[in-house]
$ cat data_20.txt   # compact mmCIF, C-alpha atoms and all ligand atoms
# COMPACT_ATOMS: atom_id res chain seq x y z
CA MET M 1 -10.27 -8.12 21.74
CA ALA M 2 -12.68 -7.37 18.88
CA ASP M 3 -12.45 -9.33 15.65
CA LEU M 4 -10.41 -7.67 12.91
CA VAL M 5 -11.83 -8.29 9.45
CA LEU M 6 -10.07 -7.04 6.33
CA THR M 7 -12.14 -6.78 3.16
CA THR M 8 -10.68 -6.91 -0.33
CA PHE M 9 -11.90 -7.89 -3.80
CA ASP M 10 -12.72 -11.51 -4.61
CA TRP M 11 -10.64 -11.25 -7.78
CA VAL M 12 -8.53 -8.73 -9.69
CA PRO M 13 -6.73 -8.94 -13.06
CA GLU M 14 -3.12 -10.21 -13.07
CA ALA M 15 -1.38 -6.81 -13.36
CA PRO M 16 -2.26 -5.35 -9.94
CA ARG M 17 -1.86 -8.64 -8.03
CA GLY M 18 0.69 -8.20 -5.28
CA TYR M 19 -0.03 -4.45 -5.26
CA VAL M 20 -3.70 -4.28 -4.19
CA ARG M 21 -3.81 -2.04 -1.14
CA ASP M 22 -5.14 -4.70 1.20
CA LEU M 23 -1.47 -5.72 1.20
CA ARG M 24 -0.58 -2.67 3.31
CA VAL M 25 -3.12 -3.74 5.90
CA ARG M 26 -2.12 -7.41 5.81
CA TRP M 27 1.50 -6.33 6.24
CA ALA M 28 0.71 -4.17 9.28
CA LEU M 29 -1.41 -6.91 10.85
CA GLU M 30 1.36 -9.45 10.31
CA GLU M 31 3.99 -7.11 11.77
CA ALA M 32 1.83 -6.58 14.85
CA GLY M 33 0.91 -10.26 15.16
CA LEU M 34 -2.78 -9.30 15.38
CA PRO M 35 -5.20 -12.09 14.42
CA TYR M 36 -7.53 -11.21 11.53
CA ARG M 37 -9.56 -12.75 8.79
CA VAL M 38 -10.06 -11.71 5.20
CA GLU M 39 -13.43 -11.33 3.48
CA SER M 40 -14.14 -10.60 -0.17
CA VAL M 41 -16.49 -8.39 -2.12
CA PRO M 42 -17.12 -8.79 -5.85
CA PHE M 43 -14.73 -6.91 -8.12
CA GLY M 44 -17.45 -6.76 -10.76
CA GLU M 45 -20.72 -5.75 -9.07
CA ARG M 46 -20.26 -3.21 -6.25
CA ASN M 47 -23.41 -3.08 -4.20
CA ALA M 48 -24.78 -0.61 -1.65
CA GLY M 49 -23.24 -2.62 1.20
CA HIS M 50 -19.80 -2.13 -0.35
CA PHE M 51 -20.35 1.63 -0.73
CA SER M 52 -21.53 1.87 2.87
CA HIS M 53 -18.00 0.83 3.94
CA GLN M 54 -15.97 2.46 1.15
CA PRO M 55 -17.70 5.44 -0.48
CA PHE M 56 -15.61 5.19 -3.68
CA GLY M 57 -16.45 1.51 -4.17
CA GLN M 58 -12.81 0.59 -3.62
CA VAL M 59 -10.91 -1.71 -1.25
CA PRO M 60 -9.61 -2.19 1.34
CA TRP M 61 -11.56 -1.52 4.47
CA LEU M 62 -11.13 -2.94 7.94
CA THR M 63 -13.70 -3.64 10.60
CA ASP M 64 -12.55 -3.65 14.20
CA GLY M 65 -15.60 -4.78 16.14
CA ASP M 66 -18.28 -2.21 15.31
CA ILE M 67 -15.80 0.29 13.82
CA SER M 68 -15.44 0.25 10.03
CA ILE M 69 -12.51 2.17 8.48
CA PHE M 70 -11.58 2.80 4.84
CA GLU M 71 -8.42 4.43 3.34
CA SER M 72 -5.26 2.39 3.79
CA GLY M 73 -3.52 5.29 5.57
CA ALA M 74 -6.36 5.68 8.08
CA ILE M 75 -6.44 1.93 8.65
CA LEU M 76 -2.70 1.84 9.34
CA LEU M 77 -3.01 4.76 11.75
CA HIS M 78 -5.82 2.93 13.56
CA LEU M 79 -3.65 -0.17 13.86
CA GLY M 80 -0.61 1.90 14.84
CA GLU M 81 -2.54 3.23 17.78
CA ARG M 82 -3.12 -0.31 19.01
CA THR M 83 0.49 -1.40 19.25
CA ASP M 84 4.02 -0.09 19.74
CA ALA M 85 5.13 -2.58 17.08
CA LEU M 86 3.67 -0.23 14.45
CA MET M 87 4.02 3.23 16.02
CA PRO M 88 5.95 4.46 19.06
CA ALA M 89 3.80 5.67 21.96
CA ASP M 90 5.92 8.72 22.89
CA PRO M 91 4.71 12.01 21.32
CA ARG M 92 8.00 12.79 19.56
CA GLY M 93 8.27 9.34 17.99
CA ARG M 94 4.58 9.37 17.08
CA SER M 95 4.80 12.75 15.34
CA LYS M 96 7.78 11.50 13.27
CA VAL M 97 5.69 8.56 12.13
CA LEU M 98 2.69 10.77 11.35
CA GLU M 99 4.68 13.20 9.21
CA TRP M 100 6.25 10.42 7.16
CA LEU M 101 2.96 8.56 6.87
CA PHE M 102 1.35 11.64 5.32
CA ALA M 103 4.45 12.30 3.21
CA ALA M 104 4.18 8.80 1.74
CA LEU M 105 0.58 9.40 0.71
CA ASN M 106 0.43 13.09 0.01
CA SER M 107 3.90 13.95 -1.27
CA VAL M 108 5.31 10.78 -2.86
CA GLU M 109 2.25 8.73 -3.89
CA MET M 110 0.67 11.89 -5.27
CA ALA M 111 3.47 11.91 -7.85
CA SER M 112 4.13 8.18 -8.18
CA LEU M 113 0.59 6.92 -8.75
CA PRO M 114 -0.23 8.90 -11.91
CA TRP M 115 3.27 8.01 -13.19
CA ALA M 116 2.65 4.31 -12.50
CA LEU M 117 -0.80 4.41 -14.12
CA PHE M 118 0.86 5.52 -17.37
CA LYS M 119 3.32 2.65 -17.04
CA PHE M 120 0.50 0.15 -16.38
CA SER M 121 -1.36 1.39 -19.45
CA GLY M 122 1.72 0.91 -21.67
CA ASP M 123 1.28 4.49 -22.93
CA THR M 124 4.75 5.73 -23.94
CA SER M 125 3.69 9.01 -25.53
CA ASP M 126 6.02 11.92 -24.83
CA THR M 127 3.51 14.69 -24.19
CA PRO M 128 4.19 17.86 -22.14
CA GLY M 129 1.87 16.50 -19.42
CA ARG M 130 3.83 13.27 -19.29
CA LYS M 131 7.15 15.14 -19.04
CA HIS M 132 5.68 17.19 -16.23
CA LEU M 133 4.71 13.99 -14.37
CA ASP M 134 8.21 12.52 -14.84
CA ALA M 135 9.77 15.69 -13.45
CA PHE M 136 7.30 15.77 -10.54
CA LEU M 137 8.23 12.22 -9.51
CA LYS M 138 11.95 12.83 -10.05
CA ALA M 139 11.87 15.81 -7.67
CA ARG M 140 10.17 13.73 -4.98
CA LEU M 141 12.61 10.83 -5.42
CA GLN M 142 15.63 13.11 -5.20
CA HIS M 143 14.41 14.29 -1.81
CA MET M 144 13.56 10.76 -0.66
CA GLU M 145 17.04 9.65 -1.69
CA LYS M 146 18.55 12.23 0.68
CA ALA M 147 16.07 11.40 3.44
CA LEU M 148 16.86 7.69 3.23
CA ALA M 149 20.64 7.91 2.86
CA GLY M 150 22.14 6.41 6.02
CA ARG M 151 18.74 5.86 7.62
CA GLU M 152 17.25 2.42 8.19
CA TRP M 153 13.64 3.43 8.91
CA LEU M 154 11.87 6.76 8.60
CA GLY M 155 10.84 7.18 12.22
CA GLY M 156 13.96 5.60 13.74
CA THR M 157 12.30 2.23 14.33
CA PHE M 158 10.15 0.37 11.79
CA SER M 159 6.58 1.73 11.72
CA VAL M 160 3.40 2.11 9.66
CA ALA M 161 5.15 5.03 7.89
CA ASP M 162 7.64 2.51 6.45
CA ILE M 163 4.86 0.19 5.35
CA LEU M 164 3.26 3.02 3.38
CA MET M 165 6.46 4.57 2.02
CA ALA M 166 7.96 1.22 1.02
CA ASP M 167 4.72 0.16 -0.65
CA VAL M 168 4.53 3.43 -2.56
CA LEU M 169 8.19 3.20 -3.69
CA ARG M 170 7.87 -0.49 -4.51
CA LEU M 171 5.40 0.34 -7.28
CA VAL M 172 7.93 2.80 -8.75
CA ASP M 173 10.60 0.09 -8.51
CA ARG M 174 8.33 -2.32 -10.40
CA PHE M 175 8.75 -0.09 -13.47
CA ASP M 176 12.46 0.47 -12.79
CA GLY M 177 11.85 4.03 -11.64
CA LEU M 178 14.33 3.72 -8.75
CA ALA M 179 17.33 2.87 -10.95
CA GLU M 180 19.03 6.19 -10.15
CA TYR M 181 18.10 6.13 -6.45
CA PRO M 182 20.15 3.47 -4.63
CA ALA M 183 19.07 4.50 -1.11
CA CYS M 184 15.40 4.25 -2.13
CA ARG M 185 16.02 0.88 -3.78
CA ASP M 186 17.86 -0.48 -0.74
CA TYR M 187 15.07 0.76 1.52
CA VAL M 188 12.45 -1.07 -0.56
CA ALA M 189 14.61 -4.22 -0.56
CA ARG M 190 15.06 -4.01 3.23
CA ALA M 191 11.36 -3.48 3.90
CA THR M 192 10.15 -6.16 1.52
CA ALA M 193 12.59 -8.73 2.96
CA ARG M 194 10.69 -8.58 6.27
CA PRO M 195 8.85 -11.84 7.04
CA ALA M 196 5.59 -9.91 7.59
CA PHE M 197 5.74 -8.45 4.07
CA LEU M 198 6.58 -11.83 2.53
CA LYS M 199 3.62 -13.45 4.29
CA ALA M 200 1.24 -10.61 3.37
CA HIS M 201 2.35 -10.72 -0.26
CA ALA M 202 2.08 -14.52 -0.50
CA ASP M 203 -1.37 -14.43 1.12
CA GLN M 204 -2.64 -11.80 -1.31
CA MET M 205 -1.33 -13.76 -4.30
CA ALA M 206 -2.92 -16.96 -2.92
CA HIS M 207 -6.23 -15.15 -2.34
CA PHE M 208 -6.52 -14.12 -6.00
CA ALA M 209 -5.17 -17.43 -7.28
CA ALA M 210 -7.91 -19.22 -5.30
CA ALA M 211 -10.48 -17.08 -7.13
CA ASP M 212 -9.03 -18.20 -10.48
CA GLU M 213 -9.21 -21.80 -9.29
CA GLN M 214 -12.89 -21.46 -8.28
CA GLN M 215 -13.65 -19.88 -11.65
CA ARG M 216 -11.94 -22.78 -13.46
CA ALA M 217 -13.86 -25.33 -11.37
CA LYS M 218 -17.19 -23.66 -12.31
CA SER M 219 -16.49 -23.56 -16.05
N1 LIG M 301 -6.80 5.88 -1.26
C1 LIG M 301 -7.35 4.55 -1.19
C2 LIG M 301 -7.21 3.96 -2.57
C3 LIG M 301 -7.82 2.58 -2.65
C4 LIG M 301 -7.63 1.98 -4.02
O1 LIG M 301 -7.11 2.61 -4.97
N2 LIG M 301 -8.05 0.73 -4.14
C5 LIG M 301 -7.97 0.04 -5.41
C6 LIG M 301 -7.30 -1.30 -5.20
S1 LIG M 301 -5.63 -1.05 -4.75
C7 LIG M 301 -9.38 -0.21 -5.91
O2 LIG M 301 -10.27 -0.51 -5.15
N3 LIG M 301 -9.55 -0.09 -7.23
C8 LIG M 301 -10.81 -0.32 -7.87
C9 LIG M 301 -11.48 0.96 -8.24
O3 LIG M 301 -10.93 2.05 -8.04
O4 LIG M 301 -12.60 0.87 -8.74
C10 LIG M 301 -6.59 3.72 -0.14
O5 LIG M 301 -5.39 3.93 0.00
O6 LIG M 301 -7.22 2.88 0.53

$ encode --input "data_20.txt" --output "C-alpha cells"
Amino acid sequence: MADLVLTTFDWVPEAPRGYVRDLRVRWALEEAGLPYRVESVPFGERNAGHFSHQPFGQVPWLTDGDISIFESGAILLHLGERTDALMPADPRGRSKVLEWLFAALNSVEMASLPWALFKFSGDTSDTPGRKHLDAFLKARLQHMEKALAGREWLGGTFSVADILMADVLRLVDRFDGLAEYPACRDYVARATARPAFLKAHADQMAHFAAADEQQRAKS
C-alpha cells in the first residue's frame, strides 16, 4: 500500500485551531485505520511547491503514492473509495453518501462559512447583508433539523458524508448557532464523541502546540 501523507500548516493562530480542515482528513484516516504521516508547510511563506499541490495556497492536501489531491471533500471521497468503513460499496448506499457529502459542502457550508467568518471577526453590525446571511443559514438548518430527526447517520451507516456534515455544523455550534436545532446539536455531539474524531482533534491541537513550543525554544 502506498504511503499516505497529509500536509497542513506548520502553525496557525489560536482561533482556528481544532477547526483547520486537515482535521477532516485526519478523522477519516483514523476511522479507516489507515496509516499516515503528517507534514507541514509554512503558514507564512507559501512557495511554488505549495501552490503546485493546492492552487489556492491553502491546506490540506493528501498524497497517496504519486497521486496528490487537494479539497477536503475530494480527499474524503478518495479515501471513501478505499474502504467500506468510510463509504458503502453498493451503488445505492454510495449515492446516498455522495449526495450528502455534496450537500454538506455546497448547501450547508455555503451558508455557514460566511456566517462563521463574521462571528470569527467579532463584527456584530446589523446590515441588510448580514440579515440575509442569517436567514440563509437558518433556512439550511431548518431543513437539516428535519433530515436529522430520528436518523443516526446521513447515509444509514457512518460515512465520509457525516465527517463533512458534522464538521460543518460543529463550526456553527461553536458560535451557538445550533441552539434552536436539537437534532443538529445531538448529531454533532454523537459524531464528535467518536474515538477517531477525538484522536484527530487532539493530534491537530498537539501539532500546532508543538509549533508554539519550537518557536519559544528559538526565542
Ligand atoms: N475548500 C477547501 C478550503 C481549504 C481551506 O479553507 N483551508 C484553510 C485552512 S482550514 C486555509 O488554508 N486557509 C489559509 C488561506 O486561505 O490562506 C477545502 O475544503 O479543502

$ residues_around --input "data_20.txt" --residues "segment 161-166 of chain M" --least-positions-apart "6" --cutoff "7 Å" --atoms "all atoms listed in the file" --output "ChimeraX atom specification"
/M:24,97,100-101,104,153-154,188,191

$ closest_residue --input "data_20.txt" --among "M:Leu4, M:Ala15, M:Leu169, M:Ala183" --to "Trp61 of chain M" --atoms "only C-alpha atoms"
M:Leu4

$ atom_distance --input "data_20.txt" --atom1 "atom CA of Gly155 of chain M" --atom2 "atom CA of Tyr187 of chain M"
13.2 Å

$ residues_near_ligand --input "data_20.txt" --ligand "ligand LIG 301 (chain M)" --cutoff "9 Å" --atoms "all atoms listed in the file" --output "list in words"
Thr8, Phe9, Val12, Pro16, Tyr19, Val20, Arg21, Asp22, Leu23, Arg24, Phe43, Gln54, Phe56, Gly57, Gln58, Val59, Pro60, Trp61, Phe70, Glu71, Ser72, Gly73, Ala74, Ile75 and Leu105 of chain M

$ atom_distance --input "data_20.txt" --atom1 "atom CA of Glu31 of chain M" --atom2 "atom CA of Arg194 of chain M"
8.8 Å

$ closest_residue --input "data_20.txt" --among "M:Arg26, M:Arg17, M:His78, M:Lys119" --to "Leu198 of chain M" --atoms "only C-alpha atoms"
M:Arg26

$ atom_distance --input "data_20.txt" --atom1 "atom CA of Leu86 of chain M" --atom2 "atom CA of Ala32 of chain M"
6.6 Å

$ closest_residue --input "data_20.txt" --among "M:Gly49, M:Gly80, M:Pro55, M:Gly33" --to "Val160 of chain M" --atoms "only C-alpha atoms"
M:Gly80

$ axis_aligned_box --input "data_20.txt" --around "segment 21-25 of chain M" --padding-each-side "8 Å" --output "lines of an AutoDock Vina configuration file"
center_x = -2.9
center_y = -3.9
center_z = 2.4
size_x = 20.6
size_y = 19.7
size_z = 23.0

$ closest_residue --input "data_20.txt" --among "M:Thr83, M:Ser107, M:Gln215, M:Ser68" --to "Val5 of chain M" --atoms "all atoms listed in the file"
M:Ser68

$ closest_residue --input "data_20.txt" --among "M:Val168, M:Val108, M:Ala28, M:Leu141" --to "Glu180 of chain M" --atoms "only C-alpha atoms"
M:Leu141

$ closest_residue --input "data_20.txt" --among "M:Asp167, M:Ala135, M:Gly177, M:Leu6" --to "Ala189 of chain M" --atoms "only C-alpha atoms"
M:Asp167

$ residues_around --input "data_20.txt" --residues "Arg151 of chain M" --least-positions-apart "5" --cutoff "12 Å" --atoms "only C-alpha atoms" --output "PyMOL selection string"
chain M and resi 144-146+156-158+162+183-184+186-187+190

$ residues_around --input "data_20.txt" --residues "Trp11 of chain M" --least-positions-apart "4" --cutoff "9 Å" --atoms "all atoms listed in the file" --output "VMD selection string"
chain M and resid 40 to 44 207 to 212
